[in-house]
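Asks: As input, take run_4.cif (mmCIF, C-alpha atoms):
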data_coords
loop_
_atom_site.label_atom_id
_atom_site.label_comp_id
_atom_site.auth_asym_id
_atom_site.auth_seq_id
_atom_site.Cartn_x
_atom_site.Cartn_y
_atom_site.Cartn_z
CA MET A 1 -73.13 193.58 37.42
CA ALA A 2 -69.52 193.81 36.30
CA VAL A 3 -68.46 194.65 32.77
CA ASN A 4 -67.52 191.02 32.26
CA ASP A 5 -71.07 189.97 33.15
CA SER A 6 -72.52 192.57 30.79
CA VAL A 7 -70.42 191.39 27.86
CA LEU A 8 -71.38 187.79 28.57
CA VAL A 9 -75.11 188.66 28.66
CA VAL A 10 -74.94 190.71 25.44
CA VAL A 11 -72.97 188.07 23.50
CA ASN A 12 -75.08 185.15 24.70
CA SER A 13 -78.40 186.99 24.26
CA SER A 14 -77.46 188.04 20.73
CA ALA A 15 -76.42 184.55 19.71
CA ALA A 16 -79.50 183.05 21.38
CA ALA A 17 -81.82 185.49 19.61
CA VAL A 18 -80.39 184.68 16.17
CA LEU A 19 -80.52 180.93 16.76
CA PHE A 20 -84.00 181.03 18.30
CA VAL A 21 -85.51 182.95 15.38
CA ALA A 22 -83.65 180.77 12.86
CA GLY A 23 -84.81 177.60 14.59
CA VAL A 24 -88.44 178.65 14.83
CA SER A 25 -88.50 179.73 11.18
CA LYS A 26 -87.06 176.35 10.12
CA MET A 27 -89.65 174.54 12.23
CA VAL A 28 -92.46 176.45 10.55
CA SER A 29 -91.15 176.29 6.99
CA PRO A 30 -88.37 173.71 6.46
CA ALA A 31 -88.79 173.31 2.69
CA GLN A 32 -86.79 176.37 1.62
CA LEU A 33 -83.65 175.38 3.51
CA GLY A 34 -84.10 171.76 2.42
CA ARG A 35 -84.06 172.84 -1.24
CA ALA A 36 -80.97 175.02 -0.68
CA LEU A 37 -79.07 172.21 1.05
CA ASN A 38 -80.08 169.68 -1.59
CA ALA A 39 -78.83 172.05 -4.30
CA LEU A 40 -75.50 172.31 -2.46
CA VAL A 41 -74.90 168.64 -1.76
CA ARG A 42 -76.16 167.21 -5.06
CA SER A 43 -76.24 163.70 -3.69
CA SER A 44 -77.72 160.72 -5.45
CA GLY A 45 -79.79 159.79 -2.39
CA ASP A 46 -82.96 161.31 -1.03
CA GLY A 47 -81.16 164.38 0.31
CA PHE A 48 -82.44 166.58 3.09
CA ALA A 49 -86.08 166.11 4.01
CA SER A 50 -88.26 168.34 6.18
CA GLY A 51 -87.59 166.05 9.13
CA HIS A 52 -83.83 166.64 8.87
CA VAL A 53 -84.30 170.40 8.77
CA ARG A 54 -86.72 170.31 11.71
CA ALA A 55 -84.28 168.22 13.76
CA PHE A 56 -81.55 170.78 13.06
CA ALA A 57 -84.01 173.53 14.04
CA ALA A 58 -84.69 171.79 17.35
CA VAL A 59 -80.95 171.77 18.08
CA GLU A 60 -80.80 175.51 17.30
CA ILE A 61 -83.69 176.27 19.65
CA LEU A 62 -82.26 174.10 22.44
CA ALA A 63 -78.83 175.71 22.11
CA ALA A 64 -80.42 179.17 22.25
CA LEU A 65 -82.36 178.31 25.38
CA ALA A 66 -79.31 176.64 26.96
CA LEU A 67 -77.37 179.91 26.66
CA THR A 68 -79.88 181.66 28.91
CA GLY A 69 -79.46 179.31 31.87
CA THR A 70 -76.52 179.56 34.23
CA ALA A 71 -76.09 175.79 34.64
CA THR A 72 -76.57 175.04 30.94
CA ARG A 73 -74.53 177.99 29.62
CA PRO A 74 -71.24 176.11 28.99
CA ALA A 75 -72.93 173.29 27.05
CA GLY A 76 -75.06 175.82 25.18
CA ALA A 77 -71.98 177.83 24.24
CA TRP A 78 -70.27 174.77 22.77
CA ALA A 79 -73.44 173.83 20.88
CA VAL A 80 -73.58 177.35 19.45
CA GLY A 81 -69.95 177.04 18.35
CA VAL A 82 -70.68 173.76 16.53
CA LEU A 83 -73.77 175.29 14.90
CA GLY A 84 -71.64 178.26 13.84
CA ALA A 85 -69.13 175.91 12.23
CA SER A 86 -71.94 174.19 10.30
CA PHE A 87 -73.28 177.57 9.11
CA ALA A 88 -69.81 178.61 7.98
CA ALA A 89 -69.25 175.30 6.18
CA ALA A 90 -72.60 175.60 4.37
CA GLY A 91 -71.73 179.19 3.46
CA VAL A 92 -68.37 178.21 2.01
CA LEU A 93 -70.00 175.41 0.00
CA GLY A 94 -72.65 177.82 -1.23
CA ALA A 95 -70.09 180.44 -2.22
CA VAL A 96 -67.83 177.92 -3.98
CA ARG A 97 -70.49 175.79 -5.67
CA GLY A 98 -73.04 178.54 -6.19
CA GLY A 99 -76.15 176.58 -5.21
CA GLY A 100 -78.42 179.48 -6.09
CA ALA A 101 -81.44 178.36 -4.03
CA VAL A 102 -82.48 180.89 -1.39
CA CYS A 103 -81.92 179.44 2.09
CA GLY A 104 -84.74 181.23 3.92
CA CYS A 105 -82.46 182.06 6.82
CA LEU A 106 -84.25 183.71 9.74
CA GLY A 107 -87.58 183.18 8.03
CA ALA A 108 -86.98 185.75 5.30
CA THR A 109 -89.05 184.93 2.25
CA GLY A 110 -86.78 186.71 -0.22
CA GLY A 111 -83.14 186.72 0.52
CA ARG A 112 -79.95 185.31 -0.72
CA PRO A 113 -78.55 181.84 -1.23
CA LEU A 114 -76.05 180.26 1.14
CA GLY A 115 -72.77 182.14 0.84
CA TRP A 116 -70.43 184.61 2.50
CA PHE A 117 -73.08 186.08 4.80
CA ASN A 118 -73.49 182.61 6.32
CA VAL A 119 -69.72 182.31 6.70
CA LEU A 120 -69.65 185.61 8.61
CA ALA A 121 -72.60 184.63 10.82
CA GLY A 122 -71.00 181.24 11.48
CA ALA A 123 -67.68 182.82 12.40
CA LEU A 124 -69.40 185.14 14.88
CA LEU A 125 -71.25 182.20 16.44
CA MET A 126 -68.00 180.22 16.65
CA ALA A 127 -66.65 182.99 18.90
CA VAL A 128 -69.34 182.38 21.55
CA PRO A 129 -67.54 179.46 23.27
CA ALA A 130 -64.34 181.52 23.49
CA VAL A 131 -66.19 184.42 25.11
CA ASN A 132 -67.83 182.05 27.57
CA LEU A 133 -64.52 180.39 28.42
CA ALA A 134 -62.81 183.75 28.93
CA ALA A 135 -65.62 185.09 31.12
CA ALA A 136 -65.89 184.14 34.73
CA ALA A 137 -69.08 182.63 36.05
CA PRO A 138 -71.82 185.26 36.22
CA GLY A 139 -72.03 187.06 39.55
CA SER A 140 -75.65 186.15 40.24
CA ALA A 141 -77.29 183.15 38.61
CA THR A 142 -80.76 184.68 38.93
CA ALA A 143 -79.69 188.03 37.50
CA TYR A 144 -77.95 186.32 34.57
CA PHE A 145 -81.02 184.21 33.78
CA PHE A 146 -83.42 187.16 33.75
CA GLN A 147 -81.06 189.47 31.86
CA SER A 148 -80.16 186.92 29.21
CA GLY A 149 -83.81 185.85 28.88
CA THR A 150 -84.88 189.46 28.41
CA GLY A 151 -82.03 189.97 25.95
CA LEU A 152 -83.15 186.88 24.03
CA ALA A 153 -86.71 188.21 23.75
CA PHE A 154 -85.65 191.72 22.72
CA GLY A 155 -83.02 190.38 20.32
CA ALA A 156 -85.53 188.01 18.72
CA LEU A 157 -87.86 190.95 18.15
CA LEU A 158 -85.04 192.90 16.48
CA VAL A 159 -83.96 189.94 14.33
CA CYS A 160 -87.56 189.36 13.19
CA GLY A 161 -87.91 193.06 12.38
CA TRP A 162 -84.71 193.00 10.35
CA ALA A 163 -85.57 189.78 8.51
CA HIS A 164 -89.04 191.05 7.62
CA ARG A 165 -88.22 194.71 7.07
CA GLY A 166 -89.91 194.63 3.65
CA LEU A 167 -93.22 193.70 5.25
CA ILE A 168 -92.79 196.39 7.89
CA LYS A 169 -92.04 198.94 5.20
CA ASP A 170 -95.26 197.94 3.42
CA LEU A 171 -97.23 198.43 6.63
CA THR A 172 -95.85 201.91 7.20
CA ARG A 173 -96.57 203.22 3.70
CA PRO A 174 -99.61 205.44 3.36
CA LEU A 175 -102.58 203.76 1.77
CA PRO A 176 -103.58 204.98 -1.68
CA ALA A 177 -106.42 207.47 -1.65
CA SER A 178 -109.74 205.90 -2.48
CA ARG A 179 -112.26 207.69 -4.68
#
Write out the structure in this file as structure tokens.

Replies:
Amino acid sequence: MAVNDSVLVVVNSSAAAVLFVAGVSKMVSPAQLGRALNALVRSSGDGFASGHVRAFAAVEILAALALTGTATRPAGAWAVGVLGASFAAAGVLGAVRGGGAVCGCLGATGGRPLGWFNVLAGALLMAVPAVNLAAAAPGSATAYFFQSGTGLAFGALLVCGWAHRGLIKDLTRPLPASR
């Protein structure tokens, strides 16, 4: 595998892992992000319901999976770029308006409201289409699929560990002595 192929696999696997974990966490618990978005928009209508958040989560999951396939990689890369732009826009709105509601990004129960972290994450995701355009087609379609799929799985494990590091810390603490 050439260096170009390696960079492509690492970038796409990383983006796919973040989007996959974010999408699954929104599917499981859409209410937290719904509250954060409703606090940002402050519309007079019904606002964002669980169904809206779950639909967005489905797009995240599909874009993540599309990045792992050779034939679907270009479309997946563009979808990731659009998702990145939406994350950045929500982050800018959160930073400017100061919504205050925790977004629950990546399934973290505590966390921070929409803001500059989301802008940074969105900017990094917006770079994925550029990397995919600059990279040549992967040398072997089968090798790319298995390497990016493995990278997605390993990356998702790392992202979950980072998002839930407080729980992991609690598990690794010694239990109090019982009398």

Asks: Could you expand the PyMOL selection byres ((chain A and resi 5) around 12) into the explicit residues it covers here, written as a compact mmCIF listing (two decimals) with C-alpha atoms, keeping the file's coordinate frame?

Replies:
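The result, stored in part28.txt:
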# COMPACT_ATOMS: atom_id res chain seq x y z
CA MET A 1 -73.13 193.58 37.42
CA ALA A 2 -69.52 193.81 36.30
CA VAL A 3 -68.46 194.65 32.77
CA ASN A 4 -67.52 191.02 32.26
CA SER A 6 -72.52 192.57 30.79
CA VAL A 7 -70.42 191.39 27.86
CA LEU A 8 -71.38 187.79 28.57
CA VAL A 9 -75.11 188.66 28.66
CA VAL A 10 -74.94 190.71 25.44
CA VAL A 11 -72.97 188.07 23.50
CA ASN A 12 -75.08 185.15 24.70
CA SER A 13 -78.40 186.99 24.26
CA THR A 70 -76.52 179.56 34.23
CA VAL A 131 -66.19 184.42 25.11
CA ASN A 132 -67.83 182.05 27.57
CA ALA A 134 -62.81 183.75 28.93
CA ALA A 135 -65.62 185.09 31.12
CA ALA A 136 -65.89 184.14 34.73
CA ALA A 137 -69.08 182.63 36.05
CA PRO A 138 -71.82 185.26 36.22
CA GLY A 139 -72.03 187.06 39.55
CA SER A 140 -75.65 186.15 40.24
CA ALA A 141 -77.29 183.15 38.61
CA ALA A 143 -79.69 188.03 37.50
CA TYR A 144 -77.95 186.32 34.57
CA PHE A 145 -81.02 184.21 33.78
CA GLN A 147 -81.06 189.47 31.86
CA SER A 148 -80.16 186.92 29.21

Asks: Using all atoms listed in the file, which residue out of A:Pro30, A:Gly104, A:Gly69, A:Gly122 lies closest to Ala163 in chain A?

Replies: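 The shortest atom-to-atom distance to Ala163 in chain A comes from A:Gly104.
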
Asks: State, in Å with one decimal place, the distance from CA of Gly155 in chain A to CA of Ser14 in chain A.

Replies: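 Computing it gives 6.0 Å between the two atoms.
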
Asks: What does the distance between CA of Cys105 in chain A and CA of Ala22 in chain A come to in Å, to one decimal place?

Replies: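 That distance, rounded to one decimal, is 6.3 Å.
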
Asks: Suppose you want the space between CA of Arg35 in chain A and CA of Ala156 in chain A; what is it in Å?

Replies: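 Taking CA of Arg35 in chain A as the start and CA of Ala156 in chain A as the end point, the length is 25.1 Å.
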
Asks: Just say which residues the PyMOL selection byres ((chain A and resi 119) around 7) picks in this file, as a VMD selection string.

Replies: chain A and resid 87 to 88 91 to 92 115 to 118 120 to 123

Asks: Hey, which of A:Leu157, A:Leu40, A:Leu125, A:Ala64 ends up closest to Leu19 in chain A? Count all atoms listed in the file.

Replies: A:Ala64

Asks: Expanded to explicit residues, what is the PyMOL selection byres ((chain A and resi 50) around 12) for this file, as a tab-separated table (two decimals) with C-alpha atoms, in the frame of the given file?

Replies:
chain	number	residue	atom	x	y	z
A	26	LYS	CA	-87.06	176.35	10.12
A	27	MET	CA	-89.65	174.54	12.23
A	28	VAL	CA	-92.46	176.45	10.55
A	29	SER	CA	-91.15	176.29	6.99
A	30	PRO	CA	-88.37	173.71	6.46
A	31	ALA	CA	-88.79	173.31	2.69
A	32	GLN	CA	-86.79	176.37	1.62
A	33	LEU	CA	-83.65	175.38	3.51
A	34	GLY	CA	-84.10	171.76	2.42
A	35	ARG	CA	-84.06	172.84	-1.24
A	37	LEU	CA	-79.07	172.21	1.05
A	38	ASN	CA	-80.08	169.68	-1.59
A	46	ASP	CA	-82.96	161.31	-1.03
A	47	GLY	CA	-81.16	164.38	0.31
A	48	PHE	CA	-82.44	166.58	3.09
A	49	ALA	CA	-86.08	166.11	4.01
A	51	GLY	CA	-87.59	166.05	9.13
A	52	HIS	CA	-83.83	166.64	8.87
A	53	VAL	CA	-84.30	170.40	8.77
A	54	ARG	CA	-86.72	170.31	11.71
A	55	ALA	CA	-84.28	168.22	13.76
A	56	PHE	CA	-81.55	170.78	13.06
A	57	ALA	CA	-84.01	173.53	14.04

Asks: For a quick check of understanding, using all atoms listed in the file, which of A:Val80, A:Ala153, A:Ala39, A:Leu62 has the smallest distance to Gly98 in chain A?

Replies: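 So, comparing all the options, the nearest one is A:Ala39.
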
Asks: For Leu152 in chain A, which of A:Ala16, A:Val82, A:Gly94, A:Arg112 is the closest residue, counting only C-alpha atoms?

Replies: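 Of the candidates, the smallest distance to Leu152 in chain A is held by A:Ala16.
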
Asks: Between A:Val21, A:Leu67, A:Leu83, A:Val59, which residue has the minimum interatomic distance to Leu124 in chain A, considering only C-alpha atoms?

Replies: A:Leu83
